[in-house]
$ cat target-v3.cif   # mmCIF, C-alpha atoms and all ligand atoms
data_my_file
loop_
_atom_site.group_PDB
_atom_site.id
_atom_site.type_symbol
_atom_site.label_atom_id
_atom_site.label_comp_id
_atom_site.auth_asym_id
_atom_site.auth_seq_id
_atom_site.Cartn_x
_atom_site.Cartn_y
_atom_site.Cartn_z
ATOM 1 C CA MET A 160 42.768 160.973 173.077
ATOM 2 C CA MET A 161 39.418 162.696 173.288
ATOM 3 C CA GLN A 162 39.410 165.885 171.336
ATOM 4 C CA PRO A 163 36.274 167.954 171.808
ATOM 5 C CA ASN A 164 34.599 168.563 168.482
ATOM 6 C CA ILE A 165 32.520 171.675 168.816
ATOM 7 C CA SER A 166 32.228 172.766 165.222
ATOM 8 C CA ARG A 167 28.818 174.150 164.305
ATOM 9 C CA ARG A 168 28.107 170.992 162.298
ATOM 10 C CA GLY A 169 28.965 168.900 165.358
ATOM 11 C CA LEU A 170 26.602 170.868 167.616
ATOM 12 C CA LEU A 171 23.714 170.647 165.145
ATOM 13 C CA GLY A 172 24.296 166.944 164.616
ATOM 14 C CA GLY A 173 24.330 166.339 168.361
ATOM 15 C CA ALA A 174 21.055 168.206 168.876
ATOM 16 C CA ALA A 175 19.339 166.289 166.074
ATOM 17 C CA ALA A 176 20.465 162.977 167.544
ATOM 18 C CA LEU A 177 19.102 163.859 171.004
ATOM 19 C CA PRO A 178 15.520 165.158 170.637
ATOM 20 C CA LEU A 179 14.811 164.883 174.377
ATOM 21 C CA MET A 180 17.764 167.078 175.259
ATOM 22 C CA ALA A 181 16.765 169.531 172.549
ATOM 23 C CA ALA A 182 13.294 169.757 174.092
ATOM 24 C CA ALA A 183 14.838 170.347 177.517
ATOM 25 C CA GLY A 184 16.930 173.109 175.973
ATOM 26 C CA ARG A 185 13.794 174.887 174.719
ATOM 27 C CA ALA A 186 12.181 174.630 178.146
ATOM 28 C CA GLY A 187 15.383 176.072 179.637
ATOM 29 C CA ALA A 188 14.983 179.169 177.495
ATOM 30 C CA GLN A 189 11.803 179.980 179.450
ATOM 31 C CA VAL A 190 13.552 180.291 182.812
ATOM 32 C CA ALA A 191 12.858 183.799 184.044
ATOM 33 C CA THR A 192 15.782 186.204 184.080
ATOM 34 C CA GLN A 193 16.296 188.244 187.226
ATOM 35 C CA GLY A 194 18.238 191.327 186.193
ATOM 36 C CA ALA A 195 21.553 192.595 187.496
ATOM 37 C CA GLN A 196 22.303 191.766 191.124
ATOM 38 C CA VAL A 197 24.180 193.901 193.636
ATOM 39 C CA PRO A 198 25.147 192.468 197.031
ATOM 40 C CA LYS A 199 23.332 193.965 200.031
ATOM 41 C CA VAL A 200 26.263 194.194 202.422
ATOM 42 C CA ASN A 201 30.042 193.985 202.405
ATOM 43 C CA ARG A 202 31.936 193.533 205.681
ATOM 44 C CA VAL A 203 35.636 194.052 206.247
ATOM 45 C CA THR A 204 37.783 194.337 209.344
ATOM 46 C CA LEU A 205 40.035 197.156 210.471
ATOM 47 C CA GLY A 206 41.959 196.197 213.586
ATOM 48 C CA GLU A 207 39.268 195.461 216.167
ATOM 49 C CA PHE A 208 36.562 197.216 214.150
ATOM 50 C CA GLU A 209 34.111 195.551 211.790
ATOM 51 C CA ILE A 210 33.038 197.844 208.992
ATOM 52 C CA THR A 211 29.977 196.983 206.938
ATOM 53 C CA ALA A 212 29.017 198.879 203.805
ATOM 54 C CA LEU A 213 25.237 198.818 203.334
ATOM 55 C CA MET A 214 23.641 198.948 199.897
ATOM 56 C CA ALA A 215 20.692 201.226 200.681
ATOM 57 C CA GLY A 216 19.814 201.888 197.046
ATOM 58 C CA THR A 217 21.013 202.146 193.450
ATOM 59 C CA ALA A 218 19.521 203.992 190.491
ATOM 60 C CA THR A 219 20.332 204.861 186.883
ATOM 61 C CA ARG A 220 20.515 208.581 186.063
ATOM 62 C CA GLU A 221 20.515 210.113 182.589
ATOM 63 C CA GLU A 222 22.844 212.800 181.263
ATOM 64 C CA PRO A 223 25.584 212.722 183.901
ATOM 65 C CA HIS A 224 27.484 215.561 182.235
ATOM 66 C CA LYS A 225 24.749 217.861 183.551
ATOM 67 C CA ILE A 226 25.907 216.818 187.060
ATOM 68 C CA PHE A 227 29.663 216.147 186.756
ATOM 69 C CA GLY A 228 32.243 218.232 184.930
ATOM 70 C CA LEU A 229 30.066 221.311 184.504
ATOM 71 C CA ASN A 230 33.228 223.227 183.588
ATOM 72 C CA ALA A 231 34.489 220.507 181.187
ATOM 73 C CA SER A 232 33.737 220.409 177.449
ATOM 74 C CA ASP A 233 31.621 217.619 175.955
ATOM 75 C CA GLU A 234 34.772 216.384 174.203
ATOM 76 C CA ASP A 235 36.786 216.180 177.411
ATOM 77 C CA PHE A 236 33.921 214.520 179.285
ATOM 78 C CA ALA A 237 33.576 211.946 176.505
ATOM 79 C CA ALA A 238 37.318 211.259 176.338
ATOM 80 C CA VAL A 239 37.673 210.728 180.091
ATOM 81 C CA SER A 240 34.601 208.478 180.148
ATOM 82 C CA GLU A 241 35.766 206.430 177.178
ATOM 83 C CA ALA A 242 39.203 205.922 178.719
ATOM 84 C CA ALA A 243 37.471 204.505 181.813
ATOM 85 C CA ASN A 244 35.078 202.372 179.717
ATOM 86 C CA ILE A 245 31.881 204.002 181.014
ATOM 87 C CA PRO A 246 29.098 205.598 178.951
ATOM 88 C CA THR A 247 28.373 209.323 178.832
ATOM 89 C CA ASP A 248 24.585 209.140 178.423
ATOM 90 C CA LYS A 249 23.812 207.502 181.742
ATOM 91 C CA ALA A 250 25.400 206.629 185.075
ATOM 92 C CA GLN A 251 24.612 204.238 187.893
ATOM 93 C CA PHE A 252 24.272 205.871 191.302
ATOM 94 C CA PHE A 253 24.785 204.042 194.597
ATOM 95 C CA PHE A 254 23.822 205.001 198.145
ATOM 96 C CA THR A 255 26.055 203.421 200.759
ATOM 97 C CA PRO A 256 25.616 204.087 204.468
ATOM 98 C CA THR A 257 28.238 202.388 206.639
ATOM 99 C CA LEU A 258 27.886 200.517 209.908
ATOM 100 C CA VAL A 259 30.903 200.430 212.224
ATOM 101 C CA ASN A 260 30.996 197.934 215.086
ATOM 102 C CA THR A 261 33.785 199.053 217.431
ATOM 103 C CA GLY A 262 33.091 196.209 219.854
ATOM 104 C CA ALA A 263 31.555 198.736 222.251
ATOM 105 C CA GLU A 264 29.395 200.811 219.882
ATOM 106 C CA LEU A 265 27.389 200.180 216.725
ATOM 107 C CA ILE A 266 27.694 203.390 214.744
ATOM 108 C CA LEU A 267 25.671 204.060 211.605
ATOM 109 C CA PHE A 268 27.004 206.720 209.241
ATOM 110 C CA ASP A 269 24.147 208.237 207.218
ATOM 111 C CA THR A 270 20.740 206.700 206.668
ATOM 112 C CA GLY A 271 19.977 206.372 202.958
ATOM 113 C CA LEU A 272 16.792 207.551 201.291
ATOM 114 C CA ASN A 273 14.025 206.345 203.625
ATOM 115 C CA PRO A 274 13.390 204.425 206.875
ATOM 116 C CA ASP A 275 12.347 201.138 205.225
ATOM 117 C CA GLY A 276 15.489 201.052 203.086
ATOM 118 C CA ILE A 277 17.927 201.662 205.926
ATOM 119 C CA VAL A 278 16.198 199.255 208.338
ATOM 120 C CA ALA A 279 16.317 196.505 205.689
ATOM 121 C CA ALA A 280 19.998 197.247 205.070
ATOM 122 C CA VAL A 281 20.905 197.194 208.780
ATOM 123 C CA GLU A 282 19.019 193.903 209.161
ATOM 124 C CA ALA A 283 20.811 192.444 206.137
ATOM 125 C CA ALA A 284 24.038 193.200 208.008
ATOM 126 C CA GLY A 285 22.792 191.075 210.923
ATOM 127 C CA TYR A 286 21.617 193.794 213.332
ATOM 128 C CA GLY A 287 18.326 195.184 214.550
ATOM 129 C CA SER A 288 17.696 198.928 214.267
ATOM 130 C CA ASP A 289 17.293 198.996 218.082
ATOM 131 C CA GLU A 290 20.945 197.878 218.427
ATOM 132 C CA VAL A 291 22.369 200.974 216.733
ATOM 133 C CA THR A 292 24.001 203.093 219.453
ATOM 134 C CA HIS A 293 24.977 206.126 217.340
ATOM 135 C CA VAL A 294 23.678 207.645 214.129
ATOM 136 C CA VAL A 295 26.186 210.043 212.581
ATOM 137 C CA ILE A 296 25.073 212.385 209.786
ATOM 138 C CA THR A 297 27.914 213.508 207.510
ATOM 139 C CA HIS A 298 25.802 216.236 205.896
ATOM 140 C CA MET A 299 22.132 217.037 205.483
ATOM 141 C CA HIS A 300 21.207 216.113 201.917
ATOM 142 C CA GLY A 301 18.063 214.006 201.471
ATOM 143 C CA ASP A 302 19.909 210.862 200.369
ATOM 144 C CA HIS A 303 21.814 210.852 203.679
ATOM 145 C CA VAL A 304 19.120 211.868 206.190
ATOM 146 C CA GLY A 305 16.065 210.283 204.523
ATOM 147 C CA GLY A 306 16.082 207.244 206.797
ATOM 148 C CA LEU A 307 16.301 209.189 210.076
ATOM 149 C CA THR A 308 12.594 209.415 210.741
ATOM 150 C CA GLY A 309 9.224 208.584 209.195
ATOM 151 C CA GLY A 310 5.601 207.980 210.102
ATOM 152 C CA ASP A 311 6.630 205.802 213.043
ATOM 153 C CA GLY A 312 8.965 208.391 214.557
ATOM 154 C CA PRO A 313 12.750 208.065 214.889
ATOM 155 C CA THR A 314 14.059 204.998 213.044
ATOM 156 C CA PHE A 315 16.896 204.474 215.539
ATOM 157 C CA ALA A 316 15.106 205.200 218.784
ATOM 158 C CA ASN A 317 17.919 203.989 221.065
ATOM 159 C CA ALA A 318 20.711 205.820 219.276
ATOM 160 C CA ARG A 319 22.551 209.009 220.069
ATOM 161 C CA HIS A 320 22.338 211.293 217.040
ATOM 162 C CA VAL A 321 25.489 213.172 216.093
ATOM 163 C CA THR A 322 26.261 215.737 213.400
ATOM 164 C CA GLY A 323 28.520 218.724 212.723
ATOM 165 C CA GLN A 324 27.628 222.027 214.343
ATOM 166 C CA VAL A 325 28.468 223.986 211.187
ATOM 167 C CA GLU A 326 26.242 221.760 209.032
ATOM 168 C CA TYR A 327 23.328 221.990 211.453
ATOM 169 C CA ASP A 328 23.647 225.753 211.785
ATOM 170 C CA HIS A 329 23.695 226.178 208.017
ATOM 171 C CA TRP A 330 20.535 224.177 207.388
ATOM 172 C CA SER A 331 18.656 225.543 210.392
ATOM 173 C CA GLY A 332 19.147 228.937 208.736
ATOM 174 C CA ALA A 333 18.522 227.795 205.159
ATOM 175 C CA GLY A 334 15.545 225.585 206.050
ATOM 176 C CA GLY A 335 13.969 223.482 203.308
ATOM 177 C CA GLU A 336 11.810 220.384 203.207
ATOM 178 C CA THR A 337 14.605 217.947 204.088
ATOM 179 C CA PHE A 338 15.625 219.899 207.179
ATOM 180 C CA THR A 339 12.096 220.473 208.467
ATOM 181 C CA GLY A 340 11.016 216.902 207.669
ATOM 182 C CA LYS A 341 14.020 214.881 208.817
ATOM 183 C CA ILE A 342 16.240 216.962 211.134
ATOM 184 C CA GLN A 343 13.963 219.355 212.985
ATOM 185 C CA PRO A 344 11.768 216.597 214.493
ATOM 186 C CA LEU A 345 14.949 215.101 216.022
ATOM 187 C CA ALA A 346 16.641 218.396 216.925
ATOM 188 C CA GLU A 347 16.483 217.680 220.665
ATOM 189 C CA ARG A 348 18.265 214.355 220.159
ATOM 190 C CA PHE A 349 21.220 215.743 218.227
ATOM 191 C CA GLU A 350 24.676 216.295 219.701
ATOM 192 C CA PHE A 351 26.900 218.664 217.758
ATOM 193 C CA ILE A 352 30.593 218.212 217.080
ATOM 194 C CA ALA A 353 33.440 220.135 215.435
ATOM 195 C CA ASP A 354 36.492 219.272 213.345
ATOM 196 C CA GLY A 355 38.749 216.863 215.259
ATOM 197 C CA ASP A 356 36.087 215.776 217.756
ATOM 198 C CA SER A 357 35.571 212.082 218.435
ATOM 199 C CA VAL A 358 32.275 210.203 218.228
ATOM 200 C CA ALA A 359 33.843 207.231 219.970
ATOM 201 C CA SER A 360 37.396 206.027 220.549
ATOM 202 C CA GLY A 361 39.001 205.755 217.087
ATOM 203 C CA VAL A 362 36.216 207.633 215.272
ATOM 204 C CA THR A 363 37.209 211.223 214.507
ATOM 205 C CA ALA A 364 35.426 213.963 212.539
ATOM 206 C CA MET A 365 37.330 215.707 209.735
ATOM 207 C CA MET A 366 35.896 218.891 208.238
ATOM 208 C CA THR A 367 35.786 218.551 204.432
ATOM 209 C CA PRO A 368 33.519 221.437 203.389
ATOM 210 C CA GLY A 369 32.348 222.441 199.931
ATOM 211 C CA HIS A 370 29.816 219.787 199.006
ATOM 212 C CA THR A 371 27.844 221.389 201.837
ATOM 213 C CA PRO A 372 29.117 224.092 204.219
ATOM 214 C CA GLY A 373 29.690 221.672 207.121
ATOM 215 C CA HIS A 374 30.320 218.400 205.269
ATOM 216 C CA MET A 375 32.359 215.990 207.382
ATOM 217 C CA SER A 376 34.424 212.896 206.650
ATOM 218 C CA TYR A 377 35.352 210.437 209.396
ATOM 219 C CA MET A 378 38.688 208.841 210.199
ATOM 220 C CA LEU A 379 38.364 205.317 211.608
ATOM 221 C CA GLU A 380 41.386 203.951 213.452
ATOM 222 C CA SER A 381 41.857 200.593 215.156
ATOM 223 C CA GLY A 382 44.840 198.368 215.769
ATOM 224 C CA GLY A 383 47.151 200.795 213.980
ATOM 225 C CA LYS A 384 45.042 200.729 210.800
ATOM 226 C CA GLN A 385 43.066 203.554 209.234
ATOM 227 C CA LEU A 386 40.091 203.893 206.899
ATOM 228 C CA VAL A 387 38.312 207.123 205.982
ATOM 229 C CA LEU A 388 34.605 207.472 205.317
ATOM 230 C CA ILE A 389 34.702 210.284 202.757
ATOM 231 C CA ALA A 390 30.908 210.587 202.379
ATOM 232 C CA ASP A 391 30.282 212.993 199.440
ATOM 233 C CA LEU A 392 33.762 214.491 199.227
ATOM 234 C CA ALA A 393 33.955 212.837 195.771
ATOM 235 C CA ASN A 394 30.777 211.550 194.185
ATOM 236 C CA HIS A 395 31.987 209.611 191.158
ATOM 237 C CA TYR A 396 34.846 207.156 190.927
ATOM 238 C CA VAL A 397 36.032 208.514 187.575
ATOM 239 C CA TRP A 398 34.737 212.037 187.026
ATOM 240 C CA SER A 399 35.422 213.251 190.597
ATOM 241 C CA LEU A 400 38.762 211.494 191.035
ATOM 242 C CA ALA A 401 40.488 211.853 187.667
ATOM 243 C CA HIS A 402 39.475 215.528 187.680
ATOM 244 C CA PRO A 403 38.954 216.783 191.248
ATOM 245 C CA ASP A 404 38.488 220.301 189.866
ATOM 246 C CA TRP A 405 35.584 219.322 187.635
ATOM 247 C CA GLU A 406 32.572 221.104 189.068
ATOM 248 C CA VAL A 407 29.699 219.034 190.414
ATOM 249 C CA SER A 408 26.156 220.393 190.395
ATOM 250 C CA PHE A 409 25.526 219.016 193.904
ATOM 251 C CA ASP A 410 28.460 220.939 195.451
ATOM 252 C CA THR A 411 27.355 224.118 197.232
ATOM 253 C CA ASP A 412 30.755 225.849 196.997
ATOM 254 C CA LYS A 413 32.468 224.350 193.971
ATOM 255 C CA ALA A 414 35.928 225.836 194.539
ATOM 256 C CA GLN A 415 35.944 224.827 198.215
ATOM 257 C CA ALA A 416 34.740 221.317 197.297
ATOM 258 C CA ALA A 417 37.611 220.922 194.822
ATOM 259 C CA GLN A 418 40.086 222.137 197.455
ATOM 260 C CA SER A 419 38.750 219.651 200.039
ATOM 261 C CA ARG A 420 38.899 216.826 197.459
ATOM 262 C CA ARG A 421 42.528 217.500 196.566
ATOM 263 C CA LYS A 422 43.593 217.798 200.184
ATOM 264 C CA LEU A 423 42.021 214.574 201.451
ATOM 265 C CA LEU A 424 42.637 212.509 198.288
ATOM 266 C CA ASP A 425 46.304 213.556 198.396
ATOM 267 C CA MET A 426 46.480 212.232 201.951
ATOM 268 C CA LEU A 427 44.712 208.959 201.057
ATOM 269 C CA ALA A 428 47.029 208.403 198.105
ATOM 270 C CA ALA A 429 50.208 209.220 200.039
ATOM 271 C CA ASP A 430 49.357 206.893 202.924
ATOM 272 C CA LYS A 431 47.612 204.191 200.829
ATOM 273 C CA THR A 432 44.645 204.592 203.175
ATOM 274 C CA PRO A 433 41.458 202.764 202.167
ATOM 275 C CA PHE A 434 38.226 204.726 202.001
ATOM 276 C CA ILE A 435 34.505 204.220 201.584
ATOM 277 C CA GLY A 436 32.767 206.784 199.361
ATOM 278 C CA TYR A 437 29.000 207.006 199.805
ATOM 279 C CA HIS A 438 28.376 207.149 196.034
ATOM 280 C CA MET A 439 31.191 204.928 194.780
ATOM 281 C CA PRO A 440 30.166 201.691 192.998
ATOM 282 C CA PHE A 441 29.135 199.174 195.673
ATOM 283 C CA PRO A 442 30.820 198.028 197.904
ATOM 284 C CA ALA A 443 32.168 201.559 197.632
ATOM 285 C CA LEU A 444 35.517 200.587 199.164
ATOM 286 C CA GLY A 445 38.828 201.347 197.543
ATOM 287 C CA TYR A 446 42.080 203.241 197.367
ATOM 288 C CA VAL A 447 43.309 206.161 195.308
ATOM 289 C CA GLU A 448 46.569 206.584 193.455
ATOM 290 C CA THR A 449 47.813 209.824 191.980
ATOM 291 C CA ARG A 450 47.588 209.838 188.185
ATOM 292 C CA ASP A 451 48.323 212.750 185.848
ATOM 293 C CA GLN A 452 46.844 215.852 187.457
ATOM 294 C CA GLY A 453 44.297 213.894 189.499
ATOM 295 C CA PHE A 454 43.637 210.480 191.004
ATOM 296 C CA HIS A 455 42.776 206.960 189.976
ATOM 297 C CA TYR A 456 40.359 204.692 191.838
ATOM 298 C CA VAL A 457 41.569 201.221 192.780
ATOM 299 C CA PRO A 458 38.773 199.012 194.152
ATOM 300 C CA HIS A 459 39.509 197.073 197.330
ATOM 301 C CA SER A 460 40.363 193.434 196.751
ATOM 302 C CA TYR A 461 41.194 191.501 199.922
ATOM 303 C CA GLN A 462 43.514 193.780 201.910
ATOM 304 C CA LEU A 463 40.945 194.281 204.697
ATOM 305 C CA MET A 464 40.101 190.598 205.007
ATOM 306 C CA LEU A 465 43.581 189.718 206.243
HETATM 307 ZN ZN ZN B 501 24.941 212.117 198.634
#
$ encode --input "target-v3.cif" --output "structure tokens" --more "lines below"
Ligand SMILES: [Zn+2]
Amino acid sequence: MMQPNISRRGLLGGAAALPLMAAAGRAGAQVATQGAQVPKVNRVTLGEFEITALMAGTATREEPHKIFGLNASDEDFAAVSEAANIPTDKAQFFFTPTLVNTGAELILFDTGLNPDGIVAAVEAAGYGSDEVTHVVITHMHGDHVGGLTGGDGPTFANARHVTGQVEYDHWSGAGGETFTGKIQPLAERFEFIADGDSVASGVTAMMTPGHTPGHMSYMLESGGKQLVLIADLANHYVWSLAHPDWEVSFDTDKAQAAQSRRKLLDMLAADKTPFIGYHMPFPALGYVETRDQGFHYVPHSYQLML
């Protein structure tokens, strides 16, 4: 019988008896650490479709209660965060465009923060930016349209550009740096769609307004399976799901945003439909269950690998 003896005395004795190994141990302590690592892409299948979540960026933000739960007390915010084992003083943000290969089209939903970031992400998924056939913009905030165009012109020169008519009309009236810098230069390229319109077979726009006036989610359907790209319908996997009515600073119309959240999340929970949320923790793919007065996030495991 060999019983491991790993008492402290045993470890010290072993080290003293093996000076060469002890020296190697000290050298080992100088190996450079590399920091936390997040995968660049995550690909699943949905019927005939391949769906790849792209990690276009991640960043730590301070004081999340100034963004989420504006109408919740500090005590409530702290209690909900503690129950989910996340801190209240900072939060990790993720930016997750999605690439859908239908077999006939390569459709990119949203473009991250800048052209370099989205091109690197598309390449990490195994494609060239010239292969993208459609770029779909869910709504016109800078973290979704930033990669559309830069110093070298349109990032996806061969792609049809598609967005919601209501969203475009709103921002063309409101203006702003993001619209004039990223959308206006491509205005001639854009095709405009409405609620229920299809981008391609099995890719259907769903109006989910509130975050912005024309914010759209997209239903993906193939082989009898469904997945919804919810974009910014819900921006945090705890604070926006457990309490859909908690106000979010980024939402233009807070009451309408809460109404859209409840409506679509109810549907996702009832049908056990998977979804990708642009700001959910990477790979941003999961399910929701109803819990108490709100919802609970259940990360995807392997359902969409089978
Ligand atoms: Zn966003």
$ atom_distance --input "target-v3.cif" --atom1 "CA of Arg319 in chain A" --atom2 "CA of Ser288 in chain A"
12.6 Å
$ resolve_selection --input "target-v3.cif" --expression "the PyMOL selection byres (((chain A and resi 203) around 12) and not hetatm)" --output "number ranges by chain"
A: 200-202, 204-213, 257-260, 284, 386, 433-435, 442-445, 459-465
$ closest_residue --input "target-v3.cif" --among "A:His455, A:Lys341, A:His438, A:His293" --to "His402 in chain A" --atoms "only C-alpha atoms"
A:His455
$ resolve_selection --input "target-v3.cif" --expression "the PyMOL selection byres (((chain A and resi 300) around 10) and not hetatm)" --output "list of chain:residue names"
A:Asp269, A:Gly271, A:Leu272, A:Ile296, A:Thr297, A:His298, A:Met299, A:Gly301, A:Asp302, A:His303, A:Val304, A:Gly305, A:Trp330, A:Thr337, A:Phe338, A:His370, A:Thr371, A:His374, A:Asp391, A:Phe409
$ atom_distance --input "target-v3.cif" --atom1 "CA of Gly453 in chain A" --atom2 "CA of Ala401 in chain A"
4.7 Å
$ atom_distance --input "target-v3.cif" --atom1 "CA of Gln343 in chain A" --atom2 "CA of Glu290 in chain A"
23.2 Å
$ closest_residue --input "target-v3.cif" --among "A:Glu380, A:Asp425, A:Asp410, A:Asp430" --to "ligand ZN 501 (chain B)" --atoms "all atoms listed in the file"
A:Asp410
$ closest_residue --input "target-v3.cif" --among "A:Asn244, A:Gln251, A:Thr449, A:Thr411" --to "Gly373 in chain A" --atoms "only C-alpha atoms"
A:Thr411
$ residues_around --input "target-v3.cif" --residues "Met366 in chain A" --least-positions-apart "2" --cutoff "6 Å" --atoms "all atoms listed in the file" --output "PyMOL selection string"
chain A and resi 354+368+375
$ closest_residue --input "target-v3.cif" --among "A:Ala417, A:Leu267, A:Ala242, A:Val407" --to "ligand ZN 501 (chain B)" --atoms "all atoms listed in the file"
A:Val407
$ residues_around --input "target-v3.cif" --residues "Leu229 in chain A" --least-positions-apart "4" --cutoff "12 Å" --atoms "all atoms listed in the file" --output "tab-separated table (two decimals) with C-alpha atoms, keeping the file's coordinate frame"
chain	number	residue	atom	x	y	z
A	222	GLU	CA	22.84	212.80	181.26
A	223	PRO	CA	25.58	212.72	183.90
A	224	HIS	CA	27.48	215.56	182.24
A	225	LYS	CA	24.75	217.86	183.55
A	233	ASP	CA	31.62	217.62	175.96
A	235	ASP	CA	36.79	216.18	177.41
A	236	PHE	CA	33.92	214.52	179.28
A	398	TRP	CA	34.74	212.04	187.03
A	399	SER	CA	35.42	213.25	190.60
A	402	HIS	CA	39.48	215.53	187.68
A	404	ASP	CA	38.49	220.30	189.87
A	405	TRP	CA	35.58	219.32	187.64
A	406	GLU	CA	32.57	221.10	189.07
A	407	VAL	CA	29.70	219.03	190.41
A	408	SER	CA	26.16	220.39	190.40
A	409	PHE	CA	25.53	219.02	193.90
A	410	ASP	CA	28.46	220.94	195.45
A	413	LYS	CA	32.47	224.35	193.97
$ residues_around --input "target-v3.cif" --residues "Thr432 in chain A" --least-positions-apart "3" --cutoff "8 Å" --atoms "all atoms listed in the file" --output "PDB file with C-alpha atoms, in the coordinates of the input"
ATOM      1  CA  GLN A 385      43.066 203.554 209.234  1.00  0.00           C
ATOM      2  CA  LEU A 386      40.091 203.893 206.899  1.00  0.00           C
ATOM      3  CA  VAL A 387      38.312 207.123 205.982  1.00  0.00           C
ATOM      4  CA  MET A 426      46.480 212.232 201.951  1.00  0.00           C
ATOM      5  CA  LEU A 427      44.712 208.959 201.057  1.00  0.00           C
ATOM      6  CA  ALA A 428      47.029 208.403 198.105  1.00  0.00           C
ATOM      7  CA  ALA A 429      50.208 209.220 200.039  1.00  0.00           C
ATOM      8  CA  TYR A 446      42.080 203.241 197.367  1.00  0.00           C
TER       9      TYR A 446
END
$ closest_residue --input "target-v3.cif" --among "A:Thr308, A:Thr322, A:Thr270, A:Asn394" --to "ligand ZN 501 (chain B)" --atoms "all atoms listed in the file"
A:Asn394
$ build_atoms --input "target-v3.cif" --residues "range 396-401 of chain A" --atoms "all heavy atoms" --output "PDB file, in the coordinates of the input"
ATOM      1  N   TYR A 396      33.520 207.777 190.846  1.00  0.00           N
ATOM      2  CA  TYR A 396      34.846 207.156 190.927  1.00  0.00           C
ATOM      3  C   TYR A 396      35.748 207.530 189.764  1.00  0.00           C
ATOM      4  O   TYR A 396      36.971 207.352 189.849  1.00  0.00           O
ATOM      5  CB  TYR A 396      34.718 205.633 191.055  1.00  0.00           C
ATOM      6  CG  TYR A 396      34.497 204.872 189.767  1.00  0.00           C
ATOM      7  CD1 TYR A 396      35.535 204.161 189.173  1.00  0.00           C
ATOM      8  CD2 TYR A 396      33.256 204.844 189.163  1.00  0.00           C
ATOM      9  CE1 TYR A 396      35.342 203.452 188.001  1.00  0.00           C
ATOM     10  CE2 TYR A 396      33.055 204.138 187.988  1.00  0.00           C
ATOM     11  CZ  TYR A 396      34.102 203.443 187.408  1.00  0.00           C
ATOM     12  OH  TYR A 396      33.909 202.741 186.246  1.00  0.00           O
ATOM     13  N   VAL A 397      35.201 208.018 188.676  1.00  0.00           N
ATOM     14  CA  VAL A 397      36.032 208.514 187.575  1.00  0.00           C
ATOM     15  C   VAL A 397      35.999 210.041 187.530  1.00  0.00           C
ATOM     16  O   VAL A 397      37.033 210.712 187.688  1.00  0.00           O
ATOM     17  CB  VAL A 397      35.575 207.943 186.217  1.00  0.00           C
ATOM     18  CG1 VAL A 397      36.358 208.586 185.072  1.00  0.00           C
ATOM     19  CG2 VAL A 397      35.737 206.428 186.191  1.00  0.00           C
ATOM     20  N   TRP A 398      34.824 210.600 187.318  1.00  0.00           N
ATOM     21  CA  TRP A 398      34.737 212.037 187.026  1.00  0.00           C
ATOM     22  C   TRP A 398      35.195 212.905 188.191  1.00  0.00           C
ATOM     23  O   TRP A 398      35.702 213.998 187.977  1.00  0.00           O
ATOM     24  CB  TRP A 398      33.303 212.399 186.600  1.00  0.00           C
ATOM     25  CG  TRP A 398      32.858 211.620 185.401  1.00  0.00           C
ATOM     26  CD1 TRP A 398      33.581 211.389 184.254  1.00  0.00           C
ATOM     27  CD2 TRP A 398      31.604 210.953 185.211  1.00  0.00           C
ATOM     28  NE1 TRP A 398      32.845 210.621 183.374  1.00  0.00           N
ATOM     29  CE2 TRP A 398      31.641 210.345 183.927  1.00  0.00           C
ATOM     30  CE3 TRP A 398      30.452 210.815 185.998  1.00  0.00           C
ATOM     31  CZ2 TRP A 398      30.555 209.608 183.421  1.00  0.00           C
ATOM     32  CZ3 TRP A 398      29.389 210.099 185.492  1.00  0.00           C
ATOM     33  CH2 TRP A 398      29.440 209.496 184.220  1.00  0.00           C
ATOM     34  N   SER A 399      35.021 212.430 189.442  1.00  0.00           N
ATOM     35  CA  SER A 399      35.422 213.251 190.597  1.00  0.00           C
ATOM     36  C   SER A 399      36.855 212.981 191.029  1.00  0.00           C
ATOM     37  O   SER A 399      37.427 213.777 191.758  1.00  0.00           O
ATOM     38  CB  SER A 399      34.499 212.991 191.791  1.00  0.00           C
ATOM     39  OG  SER A 399      33.170 213.283 191.457  1.00  0.00           O
ATOM     40  N   LEU A 400      37.411 211.839 190.596  1.00  0.00           N
ATOM     41  CA  LEU A 400      38.762 211.494 191.035  1.00  0.00           C
ATOM     42  C   LEU A 400      39.802 211.867 189.982  1.00  0.00           C
ATOM     43  O   LEU A 400      40.820 212.473 190.306  1.00  0.00           O
ATOM     44  CB  LEU A 400      38.867 209.999 191.359  1.00  0.00           C
ATOM     45  CG  LEU A 400      38.035 209.517 192.552  1.00  0.00           C
ATOM     46  CD1 LEU A 400      38.372 208.070 192.883  1.00  0.00           C
ATOM     47  CD2 LEU A 400      38.238 210.377 193.774  1.00  0.00           C
ATOM     48  N   ALA A 401      39.534 211.510 188.725  1.00  0.00           N
ATOM     49  CA  ALA A 401      40.488 211.853 187.667  1.00  0.00           C
ATOM     50  C   ALA A 401      40.609 213.375 187.550  1.00  0.00           C
ATOM     51  O   ALA A 401      41.678 213.902 187.258  1.00  0.00           O
ATOM     52  CB  ALA A 401      40.043 211.254 186.338  1.00  0.00           C
TER      53      ALA A 401
END
